[in-house]
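Contents: one structure, followed by commentary.
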Amino acid sequence: MVRITAHLPLLALLLAVSTAQALPLNRNLLQLKHTRWTTDDGAPDNIRALAQSADGYLWIGSGGGLYRFDGITFQHVPTSSVEEAVTALVGTHRGDIWAGLQNGHVLLLHLGRQFDRTPVFGNKRVRQLAEDRSGGIWMLAAGTDVQLAHYVNGTWRPFGIRNGIPANASIKAMRAARDGALWIVADTGVQVLREGESQFRTVSPGSPGLSDIVEDGEGRIWSVDHLKGLRALFTPPEVAANPARDMAFTDQKNELRWLTFDSDGGLWGLAHSSGVFRIRPPAYSATGARAFEAEAFTQNEGLSSNFARAILEDREHNIWVGTSLGLDRFRTASVVRETAIPQYSPYGYIVISDHRGVVYVADSDTLYRVSPGGAPVAVLRQIDNPQTLCEDAEGNIWLAATNGLFRIHDGIAAIVRNPLVNAHYYKQCAADREHGVWFLTGDGDFSRYDGTKWTKIPFNPAGENSNVSLFDFDAQGRLLAFYENTGLLQIDGGRSVNLWPAKQIPGERVGALQTGPDDVLVGTVSGLARVRGNRVDQLGPYAWTHHVTGIARTREGATWLQSSQGIFRVSTSRLEAAFDHPGQTIDGEWFDAQDGLTGANQLEYAANGAAVGGDGRIWFATVTGIVWIDPAAYARNRAVPPIDVQRVIADGHSFDSPVSIELTPGTRNLEIDYTALSLTIPERVRFKYQLVGADEYWIDPGSRRSAFYQNLAPGDYVFKVIAANNDGVWNTVGATVRLRLPPTFLQSSAFKVICAAAVLLLFWTIYRLRLNRITTRLREQMETRLIERERIARELHDTLLQGVHGLILRFQGIADRLPREQVPGRLMEKALERAEDLLVEGRERVHGLRSVPLANDLRSSLAAAVAHAELPASTTVGVREIGTVSAIDGAVHEELVWILREALSNVAQHAGATVVDIAITYRWNRLIVTLTDNGKGIGSDKPVADTRRHFGMIGMRERARRISARLKIGPGPDKTGTQVTVTVPARTAYSSGLFRRASVLLGFSSSEPTL
């Protein structure tokens, strides 16, 4: 037991001001948010040392080894020494961690690697490690000739007798001050080594109770003596105007150990076997003497163990305590439990505020009054089961309980008798605008008290089968009452309107009513409603509208809602807009168990479980006590969270603390574990990550601390992760890891080239095979055509021509007998001459069936056809080429020549033309051959019909079809003469090129025998 008293003013020490306001000194330890981790949660036991590294990790030295903690996961860090028990830790400004072990070894952890920094002179257990202002490391060891040593420039330097330390001194503690000095406490006294000096100077003589030395937030140095208390040894010149005085206390059991000042000036300490204690700034006692409030926190209050050995304040101003059974954290709670009011109340709690901002709270047997800025004060005790609490127009507070109806005026309570009821059972009370107070009895009846007399309100507009369970008056003075099984009724002057039938109310119940300047907010089982005039607007369901039992609106424009999911704060204007335009997203602020909310809301007791105090605090009733929130002072975490990519796991292979990794070719499964070092509420840390090269946008995984990828393509990637702390402060710089995934042989460029070459070779082979097949087929077709043409030629020669020749000879015999000077003779001669010409022409045609003489190019072939066409001498014929001349397929060449021969024959026999123009047009997608004359034409712009009288044209069309060409015969461009146009697609016309090769390969181009 530590008894702390003082009779001299203590001004500067405990009144040191910090801008952090981390752990407010106006709240006791029970009003802080305490969390503990034991071995069941993965925490180590027998914790001996705590430190925080520059990257934000909490490092834990324990009898079981070295651990680091990110607020979620405890990670064991194997040491390079056989000894694992860590007895001392310090985190340096450059980001390193120094660890002292039970066997005297010292380890340096730098950038994920460990280095042995054990002194060559040897020592036993390392008791303390500290960093001075210049970055040197001080070590305090136990039970050796060299107790104190300094590591600088890669060398340990021992300090002892030569440096002014008495030979028989047993050093108990040391402290590296922020001004560069080193302070030590020994049984021989307190000594200091100033920066740049080599000799210790004695500051204070020895004392049996000397045990520790501490530095406060303004640089003062204090010695700790468990028999005498704290003594100020040094005050920096800059704060000399604010002198400090000694603080006397008694610790007969010599339990005080490991004291430290937090950033708000509170003094924390460990009492060895009595848990944690804190001394807050002094307050004057009733006697006028200066008293110091020392409070303890032990296993009874939830500490993991009473045996505490390490204490640390982190950069977010949380206090960490290491015990024999686990780890504890103390931090500021936004939702503060009011410890002056008991946590247990069999009949629940009632909370209201009056017109002056005074809050009244009733538990099962006591009524408390809370003035603005004050603490609860009991004003009425020994009450039995309070049922309702309200204020009338004169400012009197009415409290109905089983043992009476009380009216409190200026802190004095008086019992008021209601002659209209037999038993003291009231559901609710409320004041009207005519200075009356309405009471709802357990029977569902209303009675009104106007200050002099009681009046029973006789009406029941909902009928005998429906009872009132909740009521209030709106801003216009109309009664708003919820009748079970009926609904929410508005009653004005005896006239009632059912504004909201019970069947339409979510859950058919109303949980809270709160009257505002021009509306009434109504909480239900799964929604929130606004009653304005005769209109009911609904909102929800949202998570924060589930079982709303507390509603409070502040002058600053905020609405506070208490539901079964916690406490929700939303802008009043935003809430109004949501009522006016349903479906909008409503952003607000949650408060739950992580913020210090210790109990659920009351579902079956008060009409409204929330109230606003005159100091701005919002008060709420829960099943485990009364809590409040101070919007002007609740905790805000402004610290930007450091981010660390802990490891990359690729197909089971782990890479710790990666910066740049080359993965194994063919890696299929990738896991990237990351964390953000915000230790205040790590459960609310939010992340976003992106794998540049795979993710197009940032991924929002919420609070998940791993990213997973599968079957990534070979290439270079950059993994980026950013995070926000519990209050939404983002680290937008984040952390990055570069990843390179080389291709396997099957994914490599060489393999792709090989595959491409193989495909090309395959296509070339297929092309050659197809080409050979087509060539063979064409050759066979040509041979077939030639054989067939020779057969036809033989038959024509052996039959028709021979027969005609025989007829000519017989007719010649007859002609020889006729006189040549006579007309018949002359006519017969002419007929025979004509017959001989026909016979010659027939033989020429038969000869043409056997072979078609063609030139090397189409123009020359057509010129030859013109020469054999027997055109009149007066006819001029021109053959011209348009475009880039291309090689033409042989079969197409032959068919075009035959078509033009037939066209020229028609010109010679029928057209009477004087000019004939033949144009050969080469285009990339087709070949066009046009013959145009200026003869008498065909008399129509339509093609000539295919009849038996036009065998030449029929043949022309058949030849055109064989080469997939389109034949058009019609008038010339000026509607005179005749024009014959043959259009051949490129895939058929040309013997080379893209279209031709593709058509050959795909089988679109073929040649059929010409019969």
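Letters for chains follow the order of the structure tokens (A, B, ...), residue numbers begin at 1 for each chain, and ligand numbers begin at 1 in the order shown.
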
I'd like the contact shell of A:Thr932 - 12 Å cut-off, only C-alpha atoms, skipping same-chain residues fewer than 6 positions apart - returned as a ChimeraX atom specification. /A:876-879,900,903-904,906-907,911,913-920,968-982

Contacts of A:Leu871 at 9 Å or less, counting only C-alpha atoms, minus same-chain residues fewer than 2 places along, as a short mmCIF file (atom, residue, chain, number, x, y, z; two decimals) with N, CA and C atoms, in the first residue's frame?
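The file below, out-v2.cif, is the result:
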data_model
loop_
_atom_site.label_atom_id
_atom_site.label_comp_id
_atom_site.auth_asym_id
_atom_site.auth_seq_id
_atom_site.Cartn_x
_atom_site.Cartn_y
_atom_site.Cartn_z
N VAL A 866 -7.82 -9.28 -131.61
CA VAL A 866 -8.32 -8.22 -132.50
C VAL A 866 -7.84 -8.46 -133.92
N ALA A 867 -6.61 -8.89 -134.05
CA ALA A 867 -6.06 -9.11 -135.39
C ALA A 867 -6.78 -10.22 -136.14
N HIS A 868 -7.31 -11.21 -135.45
CA HIS A 868 -8.01 -12.33 -136.08
C HIS A 868 -9.50 -12.12 -136.14
N ALA A 869 -9.99 -10.97 -135.78
CA ALA A 869 -11.43 -10.78 -135.66
C ALA A 869 -12.10 -10.44 -136.99
N ALA A 873 -12.00 -2.81 -142.44
CA ALA A 873 -10.78 -2.01 -142.45
C ALA A 873 -10.99 -0.62 -141.89
N SER A 874 -12.26 -0.16 -141.92
CA SER A 874 -12.56 1.18 -141.41
C SER A 874 -12.68 1.22 -139.88
N THR A 875 -12.63 0.08 -139.22
CA THR A 875 -12.81 0.04 -137.75
C THR A 875 -11.45 0.18 -137.06
N THR A 876 -11.41 1.13 -136.16
CA THR A 876 -10.20 1.38 -135.37
C THR A 876 -10.35 0.73 -133.99
N LEU A 904 -15.76 -9.42 -130.00
CA LEU A 904 -15.24 -8.84 -131.23
C LEU A 904 -15.94 -9.42 -132.46
N SER A 905 -16.26 -10.72 -132.40
CA SER A 905 -16.98 -11.35 -133.50
C SER A 905 -18.33 -10.70 -133.69
N VAL A 907 -19.08 -7.65 -132.84
CA VAL A 907 -18.85 -6.30 -133.39
C VAL A 907 -18.66 -6.40 -134.90
N ALA A 908 -17.87 -7.39 -135.35
CA ALA A 908 -17.58 -7.51 -136.78
C ALA A 908 -18.82 -7.85 -137.58
N GLN A 909 -19.72 -8.67 -137.00
CA GLN A 909 -20.86 -9.17 -137.75
C GLN A 909 -22.08 -8.26 -137.64
#

Please give the complete set of residues from stretch 843-916 of chain A that DSSP, run on the backbone, assigns to alpha helix (DSSP H), formatted as a ChimeraX atom specification. /A:843-850,858-867,890-906

As an MDAnalysis selection string, please: all residues of stretch 738-817 of chain A that backbone DSSP puts in strand (DSSP E). chainID A and resid 738:741

Pick out the residues sitting within 12 Å of stretch 695-698 of chain A, and hand them over as an NGL selection string; count only C-alpha atoms, and ignore anything fewer than 3 positions along from it in its own chain. :A and (687-692 or 701-702 or 707-709 or 712 or 717-723)

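Rounded to one decimal, atom CA of A:Leu760 and atom CA of A:Ser748 lie 18.3 Å from each other.
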
Which neighbours of stretch 661-677 of chain A fall inside 7 Å, counting only C-alpha atoms, when residues of the same chain fewer than 4 positions from it are skipped, and could you give them as a PyMOL selection string? chain A and resi 56-57+70+641-651+705-712+723+738-744
